[in-house]
file run26.pdb (PDB, N, CA and C atoms)
ATOM      1  N   VAL V  25     -24.613  20.243  15.746
ATOM      2  CA  VAL V  25     -24.315  19.110  14.914
ATOM      3  C   VAL V  25     -23.741  19.567  13.576
ATOM      4  N   HIS V  26     -24.259  20.663  13.055
ATOM      5  CA  HIS V  26     -23.804  21.118  11.754
ATOM      6  C   HIS V  26     -22.403  21.724  11.801
ATOM      7  N   LEU V  27     -21.891  21.953  12.983
ATOM      8  CA  LEU V  27     -20.528  22.464  13.107
ATOM      9  C   LEU V  27     -19.497  21.345  13.162
ATOM     10  N   ILE V  28     -19.938  20.107  13.250
ATOM     11  CA  ILE V  28     -19.023  18.966  13.284
ATOM     12  C   ILE V  28     -18.620  18.646  11.858
ATOM     13  N   LYS V  29     -17.376  18.822  11.553
ATOM     14  CA  LYS V  29     -16.876  18.599  10.201
ATOM     15  C   LYS V  29     -15.549  17.856  10.263
ATOM     16  N   ASN V  30     -15.337  17.026   9.240
ATOM     17  CA  ASN V  30     -14.067  16.326   9.077
ATOM     18  C   ASN V  30     -14.006  15.847   7.635
ATOM     19  N   ASP V  31     -12.824  15.836   7.072
ATOM     20  CA  ASP V  31     -12.672  15.383   5.693
ATOM     21  C   ASP V  31     -12.773  13.864   5.573
ATOM     22  N   ASP V  32     -12.410  13.159   6.638
ATOM     23  CA  ASP V  32     -12.445  11.708   6.642
ATOM     24  C   ASP V  32     -13.842  11.236   7.056
ATOM     25  N   THR V  33     -14.502  10.496   6.187
ATOM     26  CA  THR V  33     -15.866  10.053   6.479
ATOM     27  C   THR V  33     -15.909   9.033   7.612
ATOM     28  N   ASP V  34     -14.860   8.245   7.759
ATOM     29  CA  ASP V  34     -14.829   7.257   8.839
ATOM     30  C   ASP V  34     -14.792   7.939  10.202
ATOM     31  N   THR V  35     -13.971   8.955  10.310
ATOM     32  CA  THR V  35     -13.876   9.709  11.557
ATOM     33  C   THR V  35     -15.166  10.459  11.840
ATOM     34  N   LEU V  36     -15.784  10.961  10.804
ATOM     35  CA  LEU V  36     -17.025  11.706  10.976
ATOM     36  C   LEU V  36     -18.134  10.818  11.525
ATOM     37  N   LEU V  37     -18.218   9.582  11.069
ATOM     38  CA  LEU V  37     -19.235   8.678  11.605
ATOM     39  C   LEU V  37     -18.967   8.371  13.070
ATOM     40  N   ILE V  38     -17.724   8.211  13.442
ATOM     41  CA  ILE V  38     -17.382   7.975  14.846
ATOM     42  C   ILE V  38     -17.809   9.166  15.695
ATOM     43  N   MET V  39     -17.618  10.361  15.177
ATOM     44  CA  MET V  39     -18.033  11.563  15.903
ATOM     45  C   MET V  39     -19.552  11.626  16.041
ATOM     46  N   TYR V  40     -20.269  11.248  14.989
ATOM     47  CA  TYR V  40     -21.729  11.249  15.049
ATOM     48  C   TYR V  40     -22.258  10.206  16.032
ATOM     49  N   VAL V  41     -21.619   9.054  16.089
ATOM     50  CA  VAL V  41     -22.033   8.023  17.048
ATOM     51  C   VAL V  41     -21.841   8.524  18.474
ATOM     52  N   SER V  42     -20.736   9.209  18.703
ATOM     53  CA  SER V  42     -20.487   9.784  20.025
ATOM     54  C   SER V  42     -21.542  10.833  20.367
ATOM     55  N   CYS V  43     -21.906  11.653  19.395
ATOM     56  CA  CYS V  43     -22.956  12.658  19.617
ATOM     57  C   CYS V  43     -24.282  12.000  19.955
ATOM     58  N   ARG V  44     -24.593  10.920  19.264
ATOM     59  CA  ARG V  44     -25.864  10.246  19.520
ATOM     60  C   ARG V  44     -25.939   9.723  20.951
ATOM     61  N   THR V  45     -24.850   9.189  21.463
ATOM     62  CA  THR V  45     -24.881   8.683  22.836
ATOM     63  C   THR V  45     -25.110   9.819  23.824
ATOM     64  N   TYR V  46     -24.492  10.954  23.584
ATOM     65  CA  TYR V  46     -24.722  12.098  24.477
ATOM     66  C   TYR V  46     -26.137  12.648  24.338
ATOM     67  N   PHE V  47     -26.645  12.695  23.120
ATOM     68  CA  PHE V  47     -27.977  13.247  22.896
ATOM     69  C   PHE V  47     -29.070  12.357  23.472
ATOM     70  N   THR V  48     -28.903  11.051  23.399
ATOM     71  CA  THR V  48     -29.920  10.163  23.959
ATOM     72  C   THR V  48     -29.907  10.183  25.480
ATOM     73  N   ASN V  49     -28.781  10.519  26.071
ATOM     74  CA  ASN V  49     -28.718  10.653  27.530
ATOM     75  C   ASN V  49     -29.388  11.934  28.013
ATOM     76  N   GLY V  50     -29.695  12.842  27.108
ATOM     77  CA  GLY V  50     -30.313  14.115  27.476
ATOM     78  C   GLY V  50     -31.785  14.010  27.812
ATOM     79  N   GLY V  51     -32.402  12.894  27.540
ATOM     80  CA  GLY V  51     -33.815  12.723  27.851
ATOM     81  C   GLY V  51     -34.685  12.799  26.618
ATOM     82  N   SER V  52     -35.902  12.281  26.752
ATOM     83  CA  SER V  52     -36.787  12.203  25.590
ATOM     84  C   SER V  52     -37.331  13.570  25.169
ATOM     85  N   SER V  53     -37.374  14.520  26.075
ATOM     86  CA  SER V  53     -37.888  15.837  25.692
ATOM     87  C   SER V  53     -36.920  16.592  24.791
ATOM     88  N   ARG V  54     -35.639  16.298  24.893
ATOM     89  CA  ARG V  54     -34.644  16.967  24.045
ATOM     90  C   ARG V  54     -34.354  16.208  22.762
ATOM     91  N   MET V  55     -34.700  14.934  22.731
ATOM     92  CA  MET V  55     -34.364  14.113  21.568
ATOM     93  C   MET V  55     -34.975  14.650  20.284
ATOM     94  N   GLN V  56     -36.161  15.219  20.379
ATOM     95  CA  GLN V  56     -36.827  15.745  19.190
ATOM     96  C   GLN V  56     -36.009  16.850  18.535
ATOM     97  N   PHE V  57     -35.292  17.603  19.332
ATOM     98  CA  PHE V  57     -34.554  18.745  18.801
ATOM     99  C   PHE V  57     -33.088  18.434  18.519
ATOM    100  N   THR V  58     -32.538  17.404  19.139
ATOM    101  CA  THR V  58     -31.121  17.110  18.961
ATOM    102  C   THR V  58     -30.853  16.003  17.958
ATOM    103  N   LEU V  59     -31.756  15.038  17.862
ATOM    104  CA  LEU V  59     -31.500  13.909  16.969
ATOM    105  C   LEU V  59     -31.893  14.185  15.522
ATOM    106  N   VAL V  60     -32.808  15.100  15.300
ATOM    107  CA  VAL V  60     -33.231  15.405  13.929
ATOM    108  C   VAL V  60     -32.071  15.986  13.108
ATOM    109  N   PRO V  61     -31.337  16.982  13.606
ATOM    110  CA  PRO V  61     -30.186  17.452  12.828
ATOM    111  C   PRO V  61     -29.117  16.381  12.644
ATOM    112  N   LEU V  62     -29.010  15.481  13.607
ATOM    113  CA  LEU V  62     -28.038  14.396  13.489
ATOM    114  C   LEU V  62     -28.422  13.445  12.356
ATOM    115  N   VAL V  63     -29.694  13.205  12.172
ATOM    116  CA  VAL V  63     -30.151  12.358  11.065
ATOM    117  C   VAL V  63     -29.802  13.008   9.730
ATOM    118  N   PHE V  64     -30.069  14.296   9.594
ATOM    119  CA  PHE V  64     -29.772  14.966   8.327
ATOM    120  C   PHE V  64     -28.266  15.032   8.071
ATOM    121  N   ALA V  65     -27.479  15.195   9.120
ATOM    122  CA  ALA V  65     -26.028  15.178   8.951
ATOM    123  C   ALA V  65     -25.556  13.789   8.532
ATOM    124  N   ALA V  66     -26.152  12.754   9.096
ATOM    125  CA  ALA V  66     -25.777  11.387   8.730
ATOM    126  C   ALA V  66     -26.206  11.063   7.299
ATOM    127  N   LEU V  67     -27.326  11.602   6.858
ATOM    128  CA  LEU V  67     -27.737  11.394   5.470
ATOM    129  C   LEU V  67     -26.774  12.085   4.505
ATOM    130  N   SER V  68     -26.291  13.232   4.888
ATOM    131  CA  SER V  68     -25.268  13.905   4.085
ATOM    132  C   SER V  68     -23.982  13.081   4.056
ATOM    133  N   LEU V  69     -23.659  12.496   5.196
ATOM    134  CA  LEU V  69     -22.478  11.628   5.269
ATOM    135  C   LEU V  69     -22.649  10.405   4.368
ATOM    136  N   ALA V  70     -23.843   9.866   4.298
ATOM    137  CA  ALA V  70     -24.091   8.698   3.442
ATOM    138  C   ALA V  70     -23.815   9.035   1.978
ATOM    139  N   ARG V  71     -24.164  10.228   1.570
ATOM    140  CA  ARG V  71     -23.876  10.640   0.190
ATOM    141  C   ARG V  71     -22.375  10.746  -0.044
ATOM    142  N   LYS V  72     -21.644  11.251   0.939
ATOM    143  CA  LYS V  72     -20.185  11.359   0.807
ATOM    144  C   LYS V  72     -19.524   9.983   0.765
ATOM    145  N   VAL V  73     -19.999   9.079   1.602
ATOM    146  CA  VAL V  73     -19.439   7.723   1.626
ATOM    147  C   VAL V  73     -19.729   7.019   0.305
ATOM    148  N   PHE V  74     -20.932   7.213  -0.231
ATOM    149  CA  PHE V  74     -21.266   6.610  -1.516
ATOM    150  C   PHE V  74     -20.359   7.147  -2.620
ATOM    151  N   ALA V  75     -20.074   8.439  -2.583
ATOM    152  CA  ALA V  75     -19.169   9.027  -3.580
ATOM    153  C   ALA V  75     -17.763   8.445  -3.449
ATOM    154  N   ARG V  76     -17.316   8.209  -2.213
ATOM    155  CA  ARG V  76     -16.002   7.587  -2.011
ATOM    156  C   ARG V  76     -15.990   6.159  -2.533
ATOM    157  N   GLU V  77     -17.076   5.426  -2.291
ATOM    158  CA  GLU V  77     -17.148   4.051  -2.791
ATOM    159  C   GLU V  77     -17.150   4.013  -4.308
ATOM    160  N   GLN V  78     -17.829   4.956  -4.931
ATOM    161  CA  GLN V  78     -17.844   5.019  -6.388
ATOM    162  C   GLN V  78     -16.474   5.378  -6.941
ATOM    163  N   ALA V  79     -15.751   6.257  -6.243
ATOM    164  CA  ALA V  79     -14.402   6.638  -6.687
ATOM    165  C   ALA V  79     -13.454   5.445  -6.608
ATOM    166  N   VAL V  80     -13.593   4.634  -5.578
ATOM    167  CA  VAL V  80     -12.748   3.439  -5.449
ATOM    168  C   VAL V  80     -13.110   2.427  -6.526
ATOM    169  N   ALA V  81     -14.395   2.272  -6.795
ATOM    170  CA  ALA V  81     -14.838   1.307  -7.802
ATOM    171  C   ALA V  81     -14.376   1.683  -9.203
ATOM    172  N   SER V  82     -14.314   2.976  -9.483
ATOM    173  CA  SER V  82     -13.885   3.411 -10.812
ATOM    174  C   SER V  82     -12.375   3.536 -10.931
ATOM    175  N   GLY V  83     -11.660   3.371  -9.836
ATOM    176  CA  GLY V  83     -10.204   3.421  -9.864
ATOM    177  C   GLY V  83      -9.629   4.803  -9.664
ATOM    178  N   GLU V  84     -10.450   5.781  -9.339
ATOM    179  CA  GLU V  84      -9.963   7.146  -9.132
ATOM    180  C   GLU V  84      -9.266   7.314  -7.799
ATOM    181  N   SER V  85      -9.594   6.453  -6.831
ATOM    182  CA  SER V  85      -9.027   6.575  -5.498
ATOM    183  C   SER V  85      -8.589   5.201  -5.012
ATOM    184  N   ASP V  86      -7.541   5.195  -4.183
ATOM    185  CA  ASP V  86      -7.043   3.943  -3.625
ATOM    186  C   ASP V  86      -7.508   3.721  -2.198
ATOM    187  N   ALA V  87      -7.921   4.783  -1.529
ATOM    188  CA  ALA V  87      -8.300   4.705  -0.118
ATOM    189  C   ALA V  87      -9.739   4.211   0.002
ATOM    190  N   THR V  88      -9.892   2.947   0.354
ATOM    191  CA  THR V  88     -11.238   2.417   0.537
ATOM    192  C   THR V  88     -11.770   2.842   1.896
ATOM    193  N   PRO V  89     -13.014   3.271   1.955
ATOM    194  CA  PRO V  89     -13.582   3.684   3.238
ATOM    195  C   PRO V  89     -13.838   2.472   4.127
ATOM    196  N   ARG V  90     -13.590   2.630   5.410
ATOM    197  CA  ARG V  90     -13.880   1.564   6.376
ATOM    198  C   ARG V  90     -15.370   1.479   6.638
ATOM    199  N   VAL V  91     -16.063   2.580   6.466
ATOM    200  CA  VAL V  91     -17.498   2.652   6.723
ATOM    201  C   VAL V  91     -18.235   2.595   5.394
ATOM    202  N   SER V  92     -19.209   1.719   5.301
ATOM    203  CA  SER V  92     -19.991   1.609   4.072
ATOM    204  C   SER V  92     -21.272   2.434   4.197
ATOM    205  N   THR V  93     -21.912   2.653   3.074
ATOM    206  CA  THR V  93     -23.180   3.381   3.107
ATOM    207  C   THR V  93     -24.229   2.581   3.878
ATOM    208  N   ARG V  94     -24.132   1.288   3.824
ATOM    209  CA  ARG V  94     -25.065   0.435   4.573
ATOM    210  C   ARG V  94     -24.959   0.702   6.065
ATOM    211  N   LYS V  95     -23.738   0.838   6.555
ATOM    212  CA  LYS V  95     -23.536   1.097   7.978
ATOM    213  C   LYS V  95     -24.083   2.469   8.370
ATOM    214  N   VAL V  96     -23.921   3.460   7.509
ATOM    215  CA  VAL V  96     -24.436   4.797   7.797
ATOM    216  C   VAL V  96     -25.964   4.773   7.845
ATOM    217  N   PHE V  97     -26.586   4.061   6.909
ATOM    218  CA  PHE V  97     -28.040   3.979   6.924
ATOM    219  C   PHE V  97     -28.556   3.166   8.115
ATOM    220  N   GLN V  98     -27.800   2.179   8.572
ATOM    221  CA  GLN V  98     -28.176   1.464   9.789
ATOM    222  C   GLN V  98     -28.126   2.399  10.991
ATOM    223  N   PHE V  99     -27.131   3.268  11.019
ATOM    224  CA  PHE V  99     -27.011   4.264  12.077
ATOM    225  C   PHE V  99     -28.215   5.206  12.057
ATOM    226  N   VAL V 100     -28.617   5.642  10.865
ATOM    227  CA  VAL V 100     -29.782   6.520  10.729
ATOM    228  C   VAL V 100     -31.042   5.803  11.205
ATOM    229  N   LEU V 101     -31.186   4.545  10.849
ATOM    230  CA  LEU V 101     -32.356   3.782  11.263
ATOM    231  C   LEU V 101     -32.408   3.601  12.781
ATOM    232  N   GLU V 102     -31.256   3.440  13.418
ATOM    233  CA  GLU V 102     -31.208   3.343  14.884
ATOM    234  C   GLU V 102     -31.708   4.638  15.533
ATOM    235  N   ILE V 103     -31.307   5.768  14.977
ATOM    236  CA  ILE V 103     -31.745   7.052  15.525
ATOM    237  C   ILE V 103     -33.251   7.219  15.343
ATOM    238  N   ILE V 104     -33.741   6.884  14.160
ATOM    239  CA  ILE V 104     -35.168   7.027  13.889
ATOM    240  C   ILE V 104     -35.982   6.100  14.789
ATOM    241  N   THR V 105     -35.485   4.908  15.030
ATOM    242  CA  THR V 105     -36.171   3.977  15.917
ATOM    243  C   THR V 105     -36.220   4.510  17.338
ATOM    244  N   ALA V 106     -35.156   5.152  17.782
ATOM    245  CA  ALA V 106     -35.145   5.743  19.121
ATOM    246  C   ALA V 106     -36.159   6.877  19.235
ATOM    247  N   LEU V 107     -36.348   7.618  18.155
ATOM    248  CA  LEU V 107     -37.321   8.709  18.153
ATOM    249  C   LEU V 107     -38.762   8.215  18.046
ATOM    250  N   ALA V 108     -38.961   7.044  17.478
ATOM    251  CA  ALA V 108     -40.309   6.562  17.168
ATOM    252  C   ALA V 108     -41.155   6.328  18.407
ATOM    253  N   THR V 109     -40.539   6.010  19.528
ATOM    254  CA  THR V 109     -41.328   5.731  20.725
ATOM    255  C   THR V 109     -41.971   6.996  21.283
ATOM    256  N   SER V 110     -41.249   8.107  21.253
ATOM    257  CA  SER V 110     -41.756   9.346  21.824
ATOM    258  C   SER V 110     -42.390  10.279  20.797
ATOM    259  N   TYR V 111     -41.847  10.279  19.598
ATOM    260  CA  TYR V 111     -42.299  11.209  18.551
ATOM    261  C   TYR V 111     -42.521  10.445  17.245
ATOM    262  N   PRO V 112     -43.631   9.729  17.110
ATOM    263  CA  PRO V 112     -43.831   8.905  15.912
ATOM    264  C   PRO V 112     -43.988   9.716  14.623
ATOM    265  N   ASP V 113     -44.580  10.905  14.703
ATOM    266  CA  ASP V 113     -44.750  11.708  13.487
ATOM    267  C   ASP V 113     -43.412  12.223  12.969
ATOM    268  N   VAL V 114     -42.538  12.639  13.868
ATOM    269  CA  VAL V 114     -41.202  13.096  13.473
ATOM    270  C   VAL V 114     -40.404  11.924  12.915
ATOM    271  N   ALA V 115     -40.523  10.774  13.558
ATOM    272  CA  ALA V 115     -39.799   9.589  13.107
ATOM    273  C   ALA V 115     -40.272   9.160  11.715
ATOM    274  N   PHE V 116     -41.565   9.253  11.472
ATOM    275  CA  PHE V 116     -42.086   8.884  10.150
ATOM    276  C   PHE V 116     -41.543   9.811   9.071
ATOM    277  N   ASN V 117     -41.521  11.102   9.337
ATOM    278  CA  ASN V 117     -40.978  12.059   8.363
ATOM    279  C   ASN V 117     -39.487  11.819   8.117
ATOM    280  N   LEU V 118     -38.749  11.515   9.171
ATOM    281  CA  LEU V 118     -37.327  11.230   9.005
ATOM    282  C   LEU V 118     -37.107   9.931   8.238
ATOM    283  N   PHE V 119     -37.964   8.954   8.477
ATOM    284  CA  PHE V 119     -37.854   7.697   7.738
ATOM    285  C   PHE V 119     -38.077   7.935   6.249
ATOM    286  N   LEU V 120     -39.042   8.785   5.908
ATOM    287  CA  LEU V 120     -39.262   9.103   4.491
ATOM    288  C   LEU V 120     -38.066   9.830   3.889
ATOM    289  N   GLN V 121     -37.441  10.701   4.659
ATOM    290  CA  GLN V 121     -36.230  11.377   4.180
ATOM    291  C   GLN V 121     -35.096  10.380   3.956
ATOM    292  N   ALA V 122     -34.973   9.402   4.851
ATOM    293  CA  ALA V 122     -33.932   8.384   4.706
ATOM    294  C   ALA V 122     -34.177   7.506   3.484
ATOM    295  N   VAL V 123     -35.437   7.183   3.241
ATOM    296  CA  VAL V 123     -35.781   6.385   2.063
ATOM    297  C   VAL V 123     -35.460   7.160   0.787
ATOM    298  N   HIS V 124     -35.772   8.428   0.796
ATOM    299  CA  HIS V 124     -35.473   9.272  -0.364
ATOM    300  C   HIS V 124     -33.953   9.351  -0.600
ATOM    301  N   ALA V 125     -33.184   9.484   0.472
ATOM    302  CA  ALA V 125     -31.722   9.546   0.335
ATOM    303  C   ALA V 125     -31.161   8.216  -0.142
ATOM    304  N   ALA V 126     -31.737   7.117   0.318
ATOM    305  CA  ALA V 126     -31.259   5.803  -0.107
ATOM    306  C   ALA V 126     -31.582   5.554  -1.581
ATOM    307  N   ASP V 127     -32.653   6.154  -2.051
ATOM    308  CA  ASP V 127     -33.042   5.969  -3.448
ATOM    309  C   ASP V 127     -32.129   6.733  -4.395
ATOM    310  N   GLU V 128     -31.481   7.760  -3.922
ATOM    311  CA  GLU V 128     -30.599   8.564  -4.782
ATOM    312  C   GLU V 128     -29.390   7.804  -5.087
TER     313      GLU V 128
END
call {"tool": "encode", "arguments": {"input": "run26.pdb", "output": "structure tokens"}}
result
Amino acid sequence: VHLIKNDDTDTLLIMYVSCRTYFTNGGSSRMQFTLVPLVFAALSLARKVFAREQAVASGESDATPRVSTRKVFQFVLEIITALATSYPDVAFNLFLQAVHAADE
């Protein structure tokens, strides 16, 4: 997951969504190890999208992102919810990380 990189945040979210569909098809025993890095990558993406939104708001950039920070956090919440059924302790820790990232 950490090798997936792109300068465009919109494309990066599409790539992460595709990864999530493949990772959830891998079974619940693998989800603990594959979805956790995806959550942290998506939280990093949320910070980048927020920076792009701030640049557009201040007039530094003209390219408005198609993906909002709200959509990225909804994506993170979907992943955490999928983990909560099998691994509630991991899901709780990830939820706290998401809350901390949203507070920044």
call {"tool": "atom_distance", "arguments": {"input": "run26.pdb", "atom1": "atom C of V:Thr33", "atom2": "atom CA of V:Gly51"}}
result
27.3 Å
call {"tool": "closest_residue", "arguments": {"input": "run26.pdb", "among": "V:Val60, V:Leu27, V:Val73, V:Leu101", "to": "V:Pro89", "atoms": "only C-alpha atoms"}}
result
V:Val73
call {"tool": "atom_distance", "arguments": {"input": "run26.pdb", "atom1": "atom CA of V:Phe99", "atom2": "atom CA of V:Phe74"}}
result
14.9 Å
call {"tool": "atom_distance", "arguments": {"input": "run26.pdb", "atom1": "atom N of V:Leu120", "atom2": "atom CA of V:Ile104"}}
result
9.0 Å
call {"tool": "resolve_selection", "arguments": {"input": "run26.pdb", "expression": "the PyMOL selection byres (((chain V and resi 105 and name CA) around 12) and name CA)", "output": "list in words"}}
result
Thr48, Met55, Leu59, Val60, Val63, Gln98, Phe99, Val100, Leu101, Glu102, Ile103, Ile104, Ala106, Leu107, Ala108, Thr109, Ser110, Tyr111, Pro112, Asp113, Val114, Ala115, Phe116, Leu118 and Phe119 of chain V
call {"tool": "write_last_selection", "arguments": {"input": "run26.pdb", "atoms": "N, CA and C atoms", "output": "CSV table (one decimal), in the coordinates of the input"}}
result
chain,number,residue,atom,x,y,z
V,48,THR,N,-28.9,11.1,23.4
V,48,THR,CA,-29.9,10.2,24.0
V,48,THR,C,-29.9,10.2,25.5
V,55,MET,N,-34.7,14.9,22.7
V,55,MET,CA,-34.4,14.1,21.6
V,55,MET,C,-35.0,14.6,20.3
V,59,LEU,N,-31.8,15.0,17.9
V,59,LEU,CA,-31.5,13.9,17.0
V,59,LEU,C,-31.9,14.2,15.5
V,60,VAL,N,-32.8,15.1,15.3
V,60,VAL,CA,-33.2,15.4,13.9
V,60,VAL,C,-32.1,16.0,13.1
V,63,VAL,N,-29.7,13.2,12.2
V,63,VAL,CA,-30.2,12.4,11.1
V,63,VAL,C,-29.8,13.0,9.7
V,98,GLN,N,-27.8,2.2,8.6
V,98,GLN,CA,-28.2,1.5,9.8
V,98,GLN,C,-28.1,2.4,11.0
V,99,PHE,N,-27.1,3.3,11.0
V,99,PHE,CA,-27.0,4.3,12.1
V,99,PHE,C,-28.2,5.2,12.1
V,100,VAL,N,-28.6,5.6,10.9
V,100,VAL,CA,-29.8,6.5,10.7
V,100,VAL,C,-31.0,5.8,11.2
V,101,LEU,N,-31.2,4.5,10.8
V,101,LEU,CA,-32.4,3.8,11.3
V,101,LEU,C,-32.4,3.6,12.8
V,102,GLU,N,-31.3,3.4,13.4
V,102,GLU,CA,-31.2,3.3,14.9
V,102,GLU,C,-31.7,4.6,15.5
V,103,ILE,N,-31.3,5.8,15.0
V,103,ILE,CA,-31.7,7.1,15.5
V,103,ILE,C,-33.3,7.2,15.3
V,104,ILE,N,-33.7,6.9,14.2
V,104,ILE,CA,-35.2,7.0,13.9
V,104,ILE,C,-36.0,6.1,14.8
V,106,ALA,N,-35.2,5.2,17.8
V,106,ALA,CA,-35.1,5.7,19.1
V,106,ALA,C,-36.2,6.9,19.2
V,107,LEU,N,-36.3,7.6,18.2
V,107,LEU,CA,-37.3,8.7,18.2
V,107,LEU,C,-38.8,8.2,18.0
V,108,ALA,N,-39.0,7.0,17.5
V,108,ALA,CA,-40.3,6.6,17.2
V,108,ALA,C,-41.2,6.3,18.4
V,109,THR,N,-40.5,6.0,19.5
V,109,THR,CA,-41.3,5.7,20.7
V,109,THR,C,-42.0,7.0,21.3
V,110,SER,N,-41.2,8.1,21.3
V,110,SER,CA,-41.8,9.3,21.8
V,110,SER,C,-42.4,10.3,20.8
V,111,TYR,N,-41.8,10.3,19.6
V,111,TYR,CA,-42.3,11.2,18.6
V,111,TYR,C,-42.5,10.4,17.2
V,112,PRO,N,-43.6,9.7,17.1
V,112,PRO,CA,-43.8,8.9,15.9
V,112,PRO,C,-44.0,9.7,14.6
V,113,ASP,N,-44.6,10.9,14.7
V,113,ASP,CA,-44.8,11.7,13.5
V,113,ASP,C,-43.4,12.2,13.0
V,114,VAL,N,-42.5,12.6,13.9
V,114,VAL,CA,-41.2,13.1,13.5
V,114,VAL,C,-40.4,11.9,12.9
V,115,ALA,N,-40.5,10.8,13.6
V,115,ALA,CA,-39.8,9.6,13.1
V,115,ALA,C,-40.3,9.2,11.7
V,116,PHE,N,-41.6,9.3,11.5
V,116,PHE,CA,-42.1,8.9,10.2
V,116,PHE,C,-41.5,9.8,9.1
V,118,LEU,N,-38.7,11.5,9.2
V,118,LEU,CA,-37.3,11.2,9.0
V,118,LEU,C,-37.1,9.9,8.2
V,119,PHE,N,-38.0,9.0,8.5
V,119,PHE,CA,-37.9,7.7,7.7
V,119,PHE,C,-38.1,7.9,6.2
call {"tool": "select_by_dssp", "arguments": {"input": "run26.pdb", "residues": "chain V", "states": "helix (DSSP H, G or I)", "output": "PyMOL selection string"}}
result
chain V and resi 33-48+52-82+93-108+112-127
call {"tool": "resolve_selection", "arguments": {"input": "run26.pdb", "expression": "the PyMOL selection byres (((chain V and resi 64 and name CA) around 10) and name CA)", "output": "MDAnalysis selection string"}}
result
chainID V and resid 25:26 59:63 65:70 100 118 121:122 125
call {"tool": "closest_residue", "arguments": {"input": "run26.pdb", "among": "V:Ala126, V:Asn117, V:Arg44, V:Glu77", "to": "V:Ser92", "atoms": "only N, CA and C atoms"}}
result
V:Glu77
